[in-house]
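Coordinates from upload-v2.pdb are shown below (PDB, C-alpha atoms, pLDDT in the B column).
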```pdb
MODEL        1
ATOM      1  CA  MET A   1      35.759  28.837  -4.721  1.00 46.00           C
ATOM      2  CA  LYS A   2      36.886  28.057  -1.155  1.00 43.00           C
ATOM      3  CA  ARG A   3      33.304  27.127  -0.237  1.00 44.00           C
ATOM      4  CA  ALA A   4      33.081  24.707  -3.158  1.00 43.00           C
ATOM      5  CA  ILE A   5      36.378  23.078  -2.189  1.00 39.00           C
ATOM      6  CA  PHE A   6      35.204  22.775   1.426  1.00 37.00           C
ATOM      7  CA  LEU A   7      31.911  21.180   0.344  1.00 39.00           C
ATOM      8  CA  CYS A   8      33.754  18.719  -1.884  1.00 43.00           C
ATOM      9  CA  CYS A   9      35.996  17.714   1.024  1.00 40.00           C
ATOM     10  CA  VAL A  10      32.991  17.202   3.295  1.00 37.00           C
ATOM     11  CA  LEU A  11      31.272  14.963   0.751  1.00 40.00           C
ATOM     12  CA  LEU A  12      34.410  12.932   0.160  1.00 42.00           C
ATOM     13  CA  ALA A  13      34.828  12.496   3.913  1.00 46.00           C
ATOM     14  CA  THR A  14      31.269  11.201   4.358  1.00 48.00           C
ATOM     15  CA  PRO A  15      31.183   7.396   4.449  1.00 50.00           C
ATOM     16  CA  VAL A  16      29.297   5.804   1.549  1.00 64.00           C
ATOM     17  CA  SER A  17      27.433   2.517   1.979  1.00 86.00           C
ATOM     18  CA  ALA A  18      26.266   0.747  -1.171  1.00 94.00           C
ATOM     19  CA  GLN A  19      24.635  -2.614  -1.803  1.00 96.00           C
ATOM     20  CA  THR A  20      23.653  -4.181  -5.122  1.00 97.00           C
ATOM     21  CA  PHE A  21      21.027  -6.876  -5.740  1.00 98.00           C
ATOM     22  CA  SER A  22      20.217  -8.870  -8.852  1.00 98.00           C
ATOM     23  CA  VAL A  23      16.505  -9.003  -9.752  1.00 96.00           C
ATOM     24  CA  ALA A  24      15.252 -12.355 -11.046  1.00 96.00           C
ATOM     25  CA  LEU A  25      11.909 -13.865 -12.070  1.00 92.00           C
ATOM     26  CA  GLY A  26      11.711 -17.658 -12.235  1.00 85.00           C
ATOM     27  CA  GLY A  27      15.488 -17.926 -12.290  1.00 86.00           C
ATOM     28  CA  LYS A  28      15.898 -15.423 -15.143  1.00 93.00           C
ATOM     29  CA  VAL A  29      17.777 -12.243 -14.251  1.00 95.00           C
ATOM     30  CA  LEU A  30      15.762  -9.177 -15.248  1.00 95.00           C
ATOM     31  CA  GLY A  31      18.133  -6.470 -14.041  1.00 96.00           C
ATOM     32  CA  GLU A  32      19.512  -5.066 -10.805  1.00 97.00           C
ATOM     33  CA  MET A  33      18.727  -2.805  -7.863  1.00 98.00           C
ATOM     34  CA  ARG A  34      21.274  -0.695  -6.004  1.00 98.00           C
ATOM     35  CA  TYR A  35      20.832   1.011  -2.615  1.00 98.00           C
ATOM     36  CA  VAL A  36      23.297   3.729  -1.563  1.00 97.00           C
ATOM     37  CA  GLU A  37      23.551   5.725   1.665  1.00 96.00           C
ATOM     38  CA  GLN A  38      25.710   8.793   2.205  1.00 92.00           C
ATOM     39  CA  GLY A  39      25.227  10.845   5.346  1.00 91.00           C
ATOM     40  CA  ARG A  40      21.507  11.443   5.867  1.00 92.00           C
ATOM     41  CA  GLY A  41      20.740  10.891   2.193  1.00 96.00           C
ATOM     42  CA  ALA A  42      19.842   7.648   0.449  1.00 97.00           C
ATOM     43  CA  THR A  43      19.369   6.638  -3.182  1.00 98.00           C
ATOM     44  CA  LEU A  44      17.629   3.653  -4.726  1.00 98.00           C
ATOM     45  CA  LEU A  45      18.334   2.798  -8.359  1.00 98.00           C
ATOM     46  CA  SER A  46      16.847  -0.050 -10.353  1.00 97.00           C
ATOM     47  CA  THR A  47      17.258  -1.078 -13.954  1.00 96.00           C
ATOM     48  CA  LEU A  48      15.137  -3.752 -15.622  1.00 94.00           C
ATOM     49  CA  ASP A  49      16.358  -4.521 -19.120  1.00 94.00           C
ATOM     50  CA  SER A  50      15.442  -8.196 -19.648  1.00 89.00           C
ATOM     51  CA  THR A  51      11.763  -8.500 -18.731  1.00 86.00           C
ATOM     52  CA  PRO A  52       9.591 -10.836 -20.877  1.00 83.00           C
ATOM     53  CA  LEU A  53       9.036  -9.180 -24.273  1.00 76.00           C
ATOM     54  CA  GLY A  54      10.496  -6.009 -22.743  1.00 81.00           C
ATOM     55  CA  VAL A  55       7.045  -5.090 -21.393  1.00 78.00           C
ATOM     56  CA  PHE A  56       8.280  -3.837 -18.018  1.00 81.00           C
ATOM     57  CA  ASN A  57      11.770  -2.702 -19.007  1.00 92.00           C
ATOM     58  CA  GLY A  58      12.731   0.638 -17.522  1.00 94.00           C
ATOM     59  CA  THR A  59      14.597   2.489 -14.806  1.00 96.00           C
ATOM     60  CA  PHE A  60      13.716   3.960 -11.440  1.00 97.00           C
ATOM     61  CA  THR A  61      15.773   6.459  -9.458  1.00 98.00           C
ATOM     62  CA  GLY A  62      14.603   7.419  -5.988  1.00 98.00           C
ATOM     63  CA  THR A  63      16.296   9.789  -3.560  1.00 98.00           C
ATOM     64  CA  SER A  64      15.426  10.575   0.036  1.00 98.00           C
ATOM     65  CA  THR A  65      16.997  13.357   2.083  1.00 97.00           C
ATOM     66  CA  GLY A  66      16.005  12.104   5.521  1.00 91.00           C
ATOM     67  CA  THR A  67      13.521  10.429   7.834  1.00 90.00           C
ATOM     68  CA  PRO A  68      11.081  11.072   9.509  1.00 93.00           C
ATOM     69  CA  THR A  69      11.486  14.494   7.845  1.00 96.00           C
ATOM     70  CA  GLY A  70      12.805  14.917   4.327  1.00 97.00           C
ATOM     71  CA  ARG A  71      12.025  14.970   0.619  1.00 98.00           C
ATOM     72  CA  PHE A  72      11.488  11.937  -1.596  1.00 98.00           C
ATOM     73  CA  THR A  73      11.958  12.262  -5.349  1.00 98.00           C
ATOM     74  CA  GLY A  74      11.176   9.328  -7.611  1.00 98.00           C
ATOM     75  CA  GLU A  75      11.724   9.226 -11.373  1.00 98.00           C
ATOM     76  CA  SER A  76      10.406   6.293 -13.429  1.00 96.00           C
ATOM     77  CA  ARG A  77      11.247   5.873 -17.114  1.00 94.00           C
ATOM     78  CA  SER A  78      10.141   3.189 -19.567  1.00 90.00           C
ATOM     79  CA  SER A  79       9.096   2.888 -23.188  1.00 79.00           C
ATOM     80  CA  ARG A  80       5.467   3.164 -22.036  1.00 80.00           C
ATOM     81  CA  LYS A  81       5.635   6.185 -19.737  1.00 86.00           C
ATOM     82  CA  GLN A  82       7.704   8.583 -17.682  1.00 94.00           C
ATOM     83  CA  ARG A  83       6.821   9.920 -14.250  1.00 97.00           C
ATOM     84  CA  VAL A  84       8.430  12.214 -11.677  1.00 98.00           C
ATOM     85  CA  VAL A  85       7.085  12.335  -8.120  1.00 98.00           C
ATOM     86  CA  THR A  86       8.190  14.621  -5.299  1.00 98.00           C
ATOM     87  CA  VAL A  87       6.898  14.173  -1.743  1.00 98.00           C
ATOM     88  CA  ASP A  88       7.759  16.347   1.245  1.00 98.00           C
ATOM     89  CA  ILE A  89       7.390  14.506   4.554  1.00 98.00           C
ATOM     90  CA  GLU A  90       7.598  16.175   7.957  1.00 98.00           C
ATOM     91  CA  ASN A  91       7.775  14.005  11.065  1.00 97.00           C
ATOM     92  CA  GLY A  92       6.145  11.136   9.190  1.00 97.00           C
ATOM     93  CA  ARG A  93       3.351  13.277   7.734  1.00 98.00           C
ATOM     94  CA  ALA A  94       3.008  13.964   4.008  1.00 98.00           C
ATOM     95  CA  MET A  95       2.930  17.727   3.538  1.00 98.00           C
ATOM     96  CA  GLN A  96       3.166  18.312  -0.213  1.00 98.00           C
ATOM     97  CA  VAL A  97       3.148  16.274  -3.424  1.00 98.00           C
ATOM     98  CA  ALA A  98       4.062  17.191  -6.997  1.00 98.00           C
ATOM     99  CA  ILE A  99       3.648  14.760  -9.914  1.00 98.00           C
ATOM    100  CA  THR A 100       4.326  15.080 -13.622  1.00 98.00           C
ATOM    101  CA  PRO A 101       2.661  14.346 -15.946  1.00 97.00           C
ATOM    102  CA  ALA A 102      -0.656  15.397 -14.407  1.00 97.00           C
ATOM    103  CA  ASP A 103      -2.488  12.273 -15.602  1.00 95.00           C
ATOM    104  CA  GLU A 104      -0.361  10.232 -13.152  1.00 96.00           C
ATOM    105  CA  ILE A 105      -1.951  12.014 -10.172  1.00 97.00           C
ATOM    106  CA  THR A 106      -4.282   9.848  -8.066  1.00 97.00           C
ATOM    107  CA  GLU A 107      -6.749  10.661  -5.315  1.00 98.00           C
ATOM    108  CA  LEU A 108      -4.006   9.735  -2.827  1.00 98.00           C
ATOM    109  CA  SER A 109      -1.838  12.515  -4.237  1.00 98.00           C
ATOM    110  CA  ASP A 110      -4.044  14.726  -2.055  1.00 98.00           C
ATOM    111  CA  VAL A 111      -2.062  14.795   1.204  1.00 98.00           C
ATOM    112  CA  SER A 112      -5.236  15.319   3.254  1.00 98.00           C
ATOM    113  CA  ARG A 113      -6.106  11.684   2.426  1.00 98.00           C
ATOM    114  CA  VAL A 114      -2.764  10.316   3.626  1.00 98.00           C
ATOM    115  CA  PRO A 115      -2.504   8.973   7.197  1.00 98.00           C
ATOM    116  CA  ASP A 116       0.311  10.015   9.513  1.00 97.00           C
ATOM    117  CA  GLY A 117       3.341   7.842  10.134  1.00 97.00           C
ATOM    118  CA  VAL A 118       4.465   7.271   6.538  1.00 98.00           C
ATOM    119  CA  VAL A 119       7.901   6.656   5.074  1.00 98.00           C
ATOM    120  CA  ASP A 120       8.977   6.852   1.446  1.00 98.00           C
ATOM    121  CA  PRO A 121       9.996   3.819  -0.692  1.00 98.00           C
ATOM    122  CA  VAL A 122      13.726   4.522  -0.419  1.00 98.00           C
ATOM    123  CA  ARG A 123      13.537   4.480   3.383  1.00 97.00           C
ATOM    124  CA  VAL A 124      11.557   1.237   3.338  1.00 97.00           C
ATOM    125  CA  ILE A 125      14.470  -0.489   1.600  1.00 97.00           C
ATOM    126  CA  GLY A 126      16.852   1.288   3.957  1.00 97.00           C
ATOM    127  CA  ALA A 127      14.950  -0.066   6.963  1.00 97.00           C
ATOM    128  CA  MET A 128      15.338  -3.583   5.586  1.00 98.00           C
ATOM    129  CA  VAL A 129      19.029  -3.103   4.833  1.00 97.00           C
ATOM    130  CA  ASN A 130      19.842  -1.638   8.255  1.00 96.00           C
ATOM    131  CA  ALA A 131      17.585  -3.799  10.436  1.00 97.00           C
ATOM    132  CA  SER A 132      18.769  -5.414  13.627  1.00 96.00           C
ATOM    133  CA  GLY A 133      16.596  -8.485  13.849  1.00 97.00           C
ATOM    134  CA  CYS A 134      13.435  -8.162  11.744  1.00 98.00           C
ATOM    135  CA  PRO A 135      12.537  -4.633  10.608  1.00 98.00           C
ATOM    136  CA  ALA A 136       9.553  -2.878  12.186  1.00 97.00           C
ATOM    137  CA  SER A 137       6.216  -2.784  10.398  1.00 98.00           C
ATOM    138  CA  MET A 138       5.901   0.282   8.166  1.00 98.00           C
ATOM    139  CA  ARG A 139       3.405   2.387   6.264  1.00 98.00           C
ATOM    140  CA  MET A 140       4.798   3.484   2.887  1.00 98.00           C
ATOM    141  CA  TYR A 141       3.681   6.456   0.786  1.00 98.00           C
ATOM    142  CA  ASP A 142       5.013   7.161  -2.703  1.00 98.00           C
ATOM    143  CA  GLY A 143       2.826  10.115  -3.690  1.00 98.00           C
ATOM    144  CA  ARG A 144       0.210   7.932  -5.413  1.00 98.00           C
ATOM    145  CA  ARG A 145      -0.729   5.176  -2.939  1.00 98.00           C
ATOM    146  CA  VAL A 146      -0.441   4.067   0.684  1.00 98.00           C
ATOM    147  CA  VAL A 147       0.940   0.610   1.458  1.00 98.00           C
ATOM    148  CA  THR A 148       1.202  -1.282   4.732  1.00 98.00           C
ATOM    149  CA  LEU A 149       4.111  -3.641   5.327  1.00 98.00           C
ATOM    150  CA  ALA A 150       3.184  -5.826   8.300  1.00 98.00           C
ATOM    151  CA  VAL A 151       6.214  -7.712   9.579  1.00 98.00           C
ATOM    152  CA  GLY A 152       5.675 -11.016  11.380  1.00 98.00           C
ATOM    153  CA  ALA A 153       7.895 -12.902  13.801  1.00 97.00           C
ATOM    154  CA  GLY A 154      11.209 -13.981  12.311  1.00 98.00           C
ATOM    155  CA  SER A 155      12.564 -17.522  12.257  1.00 98.00           C
ATOM    156  CA  GLN A 156      16.236 -18.393  12.699  1.00 97.00           C
ATOM    157  CA  SER A 157      17.754 -21.417  10.966  1.00 96.00           C
ATOM    158  CA  GLY A 158      21.495 -21.771  11.302  1.00 96.00           C
ATOM    159  CA  ASP A 159      23.047 -18.515  10.113  1.00 97.00           C
ATOM    160  CA  THR A 160      19.891 -17.307   8.337  1.00 98.00           C
ATOM    161  CA  LEU A 161      17.118 -15.126   9.763  1.00 98.00           C
ATOM    162  CA  VAL A 162      13.899 -15.010   7.711  1.00 98.00           C
ATOM    163  CA  CYS A 163      11.308 -12.268   8.323  1.00 98.00           C
ATOM    164  CA  PRO A 164       7.827 -12.593   6.773  1.00 98.00           C
ATOM    165  CA  VAL A 165       6.192  -9.407   5.487  1.00 98.00           C
ATOM    166  CA  SER A 166       2.618  -8.886   4.289  1.00 98.00           C
ATOM    167  CA  TYR A 167       2.518  -6.133   1.646  1.00 98.00           C
ATOM    168  CA  LYS A 168      -0.855  -4.531   0.931  1.00 98.00           C
ATOM    169  CA  VAL A 169      -1.961  -1.422  -0.960  1.00 98.00           C
ATOM    170  CA  VAL A 170      -4.587   0.034   1.391  1.00 98.00           C
ATOM    171  CA  ALA A 171      -5.400   3.212  -0.562  1.00 98.00           C
ATOM    172  CA  GLY A 172      -4.755   4.245  -4.148  1.00 97.00           C
ATOM    173  CA  PRO A 173      -4.036   2.178  -7.289  1.00 96.00           C
ATOM    174  CA  GLY A 174      -2.170  -1.118  -7.448  1.00 95.00           C
ATOM    175  CA  HIS A 175       1.246  -1.507  -9.067  1.00 92.00           C
ATOM    176  CA  LEU A 176       2.226  -2.301 -12.655  1.00 82.00           C
ATOM    177  CA  SER A 177      -0.714  -0.929 -14.597  1.00 79.00           C
ATOM    178  CA  PRO A 178      -2.746  -2.542 -16.070  1.00 80.00           C
ATOM    179  CA  LEU A 179      -2.091  -5.489 -13.716  1.00 83.00           C
ATOM    180  CA  GLY A 180      -2.976  -3.449 -10.630  1.00 89.00           C
ATOM    181  CA  ILE A 181      -1.075  -5.652  -8.169  1.00 93.00           C
ATOM    182  CA  SER A 182      -2.264  -4.682  -4.682  1.00 96.00           C
ATOM    183  CA  SER A 183      -0.876  -7.365  -2.367  1.00 97.00           C
ATOM    184  CA  ALA A 184       2.132  -9.623  -2.002  1.00 97.00           C
ATOM    185  CA  THR A 185       3.875 -11.860   0.479  1.00 98.00           C
ATOM    186  CA  ILE A 186       7.511 -11.030   1.109  1.00 98.00           C
ATOM    187  CA  GLU A 187      10.337 -12.906   2.783  1.00 98.00           C
ATOM    188  CA  VAL A 188      13.341 -10.855   3.885  1.00 98.00           C
ATOM    189  CA  SER A 189      16.385 -13.064   4.550  1.00 98.00           C
ATOM    190  CA  TYR A 190      19.485 -12.032   6.509  1.00 98.00           C
ATOM    191  CA  ASP A 191      22.894 -13.625   6.842  1.00 98.00           C
ATOM    192  CA  THR A 192      23.743 -13.657  10.563  1.00 97.00           C
ATOM    193  CA  VAL A 193      27.059 -15.512  10.435  1.00 95.00           C
ATOM    194  CA  GLY A 194      29.492 -14.428  13.127  1.00 91.00           C
ATOM    195  CA  GLY A 195      26.826 -12.629  15.116  1.00 89.00           C
ATOM    196  CA  GLY A 196      26.415  -9.831  12.562  1.00 93.00           C
ATOM    197  CA  GLN A 197      23.480  -9.238  10.239  1.00 97.00           C
ATOM    198  CA  SER A 198      23.381  -8.360   6.549  1.00 97.00           C
ATOM    199  CA  LEU A 199      20.501  -8.377   4.088  1.00 98.00           C
ATOM    200  CA  ASP A 200      20.959 -11.327   1.737  1.00 98.00           C
ATOM    201  CA  ARG A 201      17.703 -11.751  -0.186  1.00 98.00           C
ATOM    202  CA  ILE A 202      14.191 -10.362  -0.650  1.00 98.00           C
ATOM    203  CA  THR A 203      11.602 -12.671  -2.201  1.00 98.00           C
ATOM    204  CA  ILE A 204       8.305 -11.169  -3.387  1.00 97.00           C
ATOM    205  CA  ALA A 205       5.382 -13.399  -4.386  1.00 96.00           C
ATOM    206  CA  SER A 206       2.047 -12.268  -5.826  1.00 94.00           C
ATOM    207  CA  GLY A 207      -0.172 -14.623  -7.810  1.00 89.00           C
ATOM    208  CA  LEU A 208       1.957 -16.349 -10.446  1.00 85.00           C
ATOM    209  CA  PHE A 209       4.829 -13.891  -9.991  1.00 88.00           C
ATOM    210  CA  ARG A 210       7.812 -14.666  -7.759  1.00 94.00           C
ATOM    211  CA  VAL A 211      10.583 -12.085  -7.892  1.00 95.00           C
ATOM    212  CA  THR A 212      13.862 -12.538  -6.009  1.00 97.00           C
ATOM    213  CA  LEU A 213      16.353  -9.817  -5.165  1.00 98.00           C
ATOM    214  CA  SER A 214      19.701 -11.428  -4.297  1.00 97.00           C
ATOM    215  CA  ARG A 215      22.642  -9.491  -2.943  1.00 97.00           C
ATOM    216  CA  VAL A 216      25.690  -9.530  -5.185  1.00 96.00           C
ATOM    217  CA  ASN A 217      27.918  -7.195  -3.122  1.00 81.00           C
TER     218      ASN A 217
ENDMDL
END
```

In structure tokens, how does this file's structure come out?
Amino acid sequence: MKRAIFLCCVLLATPVSAQTFSVALGGKVLGEMRYVEQGRGATLLSTLDSTPLGVFNGTFTGTSTGTPTGRFTGESRSSRKQRVVTVDIENGRAMQVAITPADEITELSDVSRVPDGVVDPVRVIGAMVNASGCPASMRMYDGRRVVTLAVGAGSQSGDTLVCPVSYKVVAGPGHLSPLGISSATIEVSYDTVGGGQSLDRITIASGLFRVTLSRVN
């Protein structure tokens, strides 16, 4: 009992940082994304409930216990499918992957095929949220594919810093089956008023799609 009370006090004493973004396509709000940090842990939650014809409606919950060593767990739910992915990463190297159902496993779920120096999707968003200047280039691994995010030189205009990012799936399947989206151009915009820096907007463009994540708090 005393141990439980002590643990509760520790958790309550740990600062919590949370940011929420609306998700919009062509000016229409599709849902929201929320990023939360507490101690060494981080959580990414997204809910899409207004996509065209409801085709891509669903939820995603991702947790990450640390970087460069930790465990990523991602759970995706929609009317079309459900998937749970667990990835253990040690010093940037994927060590173990578990995926259910089994038909969601890809050839990149074999960790021997995964290059070193990877981070999970939750930490990618965290790197953008916590950047000082433009974030560093990253190599993301989600248990099913490897993606490079190549960050270019940022441009400052007034109180806004814009960082260009080239997003490319370099191994494994593309996103949003059956579309198989494998590349996108991203602009990460920061508000730098008063000499500080806070993530304001992420714009993702691929083909005819242009999705904007705008901070609401």

Got a sec to resolve the PyMOL selection byres ((chain A and resi 119-133) around 6) on this structure and send the residues as a ChimeraX atom specification?
-> /A:44,118,134-135,140-142,199

Write out the residues from the selection above, keeping C-alpha atoms, as a PDB file, keeping the file's coordinate frame.
```
ATOM      1  CA  LEU A  44      17.629   3.653  -4.726  1.00 98.00           C
ATOM      2  CA  VAL A 118       4.465   7.271   6.538  1.00 98.00           C
ATOM      3  CA  CYS A 134      13.435  -8.162  11.744  1.00 98.00           C
ATOM      4  CA  PRO A 135      12.537  -4.633  10.608  1.00 98.00           C
ATOM      5  CA  MET A 140       4.798   3.484   2.887  1.00 98.00           C
ATOM      6  CA  TYR A 141       3.681   6.456   0.786  1.00 98.00           C
ATOM      7  CA  ASP A 142       5.013   7.161  -2.703  1.00 98.00           C
ATOM      8  CA  LEU A 199      20.501  -8.377   4.088  1.00 98.00           C
TER       9      LEU A 199
END
```

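As for atom CA of A:Pro68 and atom CA of A:Met95, they are spaced 12.1 Å apart.
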
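Applied to the shown file, the PyMOL selection byres ((chain A and resi 91) around 6) selects the residues Pro68, Thr69, Glu90, Gly92 and Arg93 of chain A.
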
Polymer residues at most 12 Å from A:Pro178, all atoms listed in the file, same-chain spacing of 6 or more positions, as a PyMOL selection string = chain A and resi 55-56+80

With all atoms listed in the file counted, which protein, DNA or RNA residues have an atom no more than 10 Å from (6.4, -13.2, -8.0) in the file frame? Please answer as an MDAnalysis selection string.
-> chainID A and resid 24:26 184:186 203:212

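One finds atom CA of A:Ser182 at 16.0 Å from atom CA of A:Glu107.
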
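This file, queried with the PyMOL selection byres ((chain A and resi 62-66) around 7), gives the residues Arg40, Gly41, Ala42, Thr43, Leu44, Leu45, Phe60, Thr61, Thr67, Pro68, Thr69, Gly70, Arg71, Phe72, Thr73, Gly74, Glu75 and Val122 of chain A.
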
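For the set A:Leu161, A:Ile202, A:Ala150, A:Val84, the residue with the smallest atom-to-atom gap to A:Ala102 is A:Val84, counting all atoms listed in the file.
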
As a check of understanding: the span from atom CA of A:Gly194 to atom CA of A:Thr160 is 11.1 Å

List the spatial neighbours of A:Asp103 as a short mmCIF file (atom, residue, chain, number, x, y, z; two decimals) with C-alpha atoms, in the coordinates of the input - criterion: any atom at most 12 Å away, only C-alpha atoms, same-chain residues fewer than 2 positions off excluded.
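Generated file (part36.cif):
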```
data_model
loop_
_atom_site.label_atom_id
_atom_site.label_comp_id
_atom_site.auth_asym_id
_atom_site.auth_seq_id
_atom_site.Cartn_x
_atom_site.Cartn_y
_atom_site.Cartn_z
CA LYS A 81 5.64 6.18 -19.74
CA GLN A 82 7.70 8.58 -17.68
CA ARG A 83 6.82 9.92 -14.25
CA VAL A 84 8.43 12.21 -11.68
CA ALA A 98 4.06 17.19 -7.00
CA ILE A 99 3.65 14.76 -9.91
CA THR A 100 4.33 15.08 -13.62
CA PRO A 101 2.66 14.35 -15.95
CA ILE A 105 -1.95 12.01 -10.17
CA THR A 106 -4.28 9.85 -8.07
CA GLU A 107 -6.75 10.66 -5.32
CA SER A 109 -1.84 12.52 -4.24
CA ARG A 144 0.21 7.93 -5.41
#
```

Starting from the point (15.9, -11.6, -13.3), work out which residues of protein, DNA or RNA have an atom no more than 9 Å away when counting all atoms listed in the file; state them as a list in words.
-> Ser22, Val23, Ala24, Leu25, Gly26, Gly27, Lys28, Val29, Leu30, Gly31, Glu32, Leu48, Ser50, Thr51, Val211, Thr212 and Leu213 of chain A
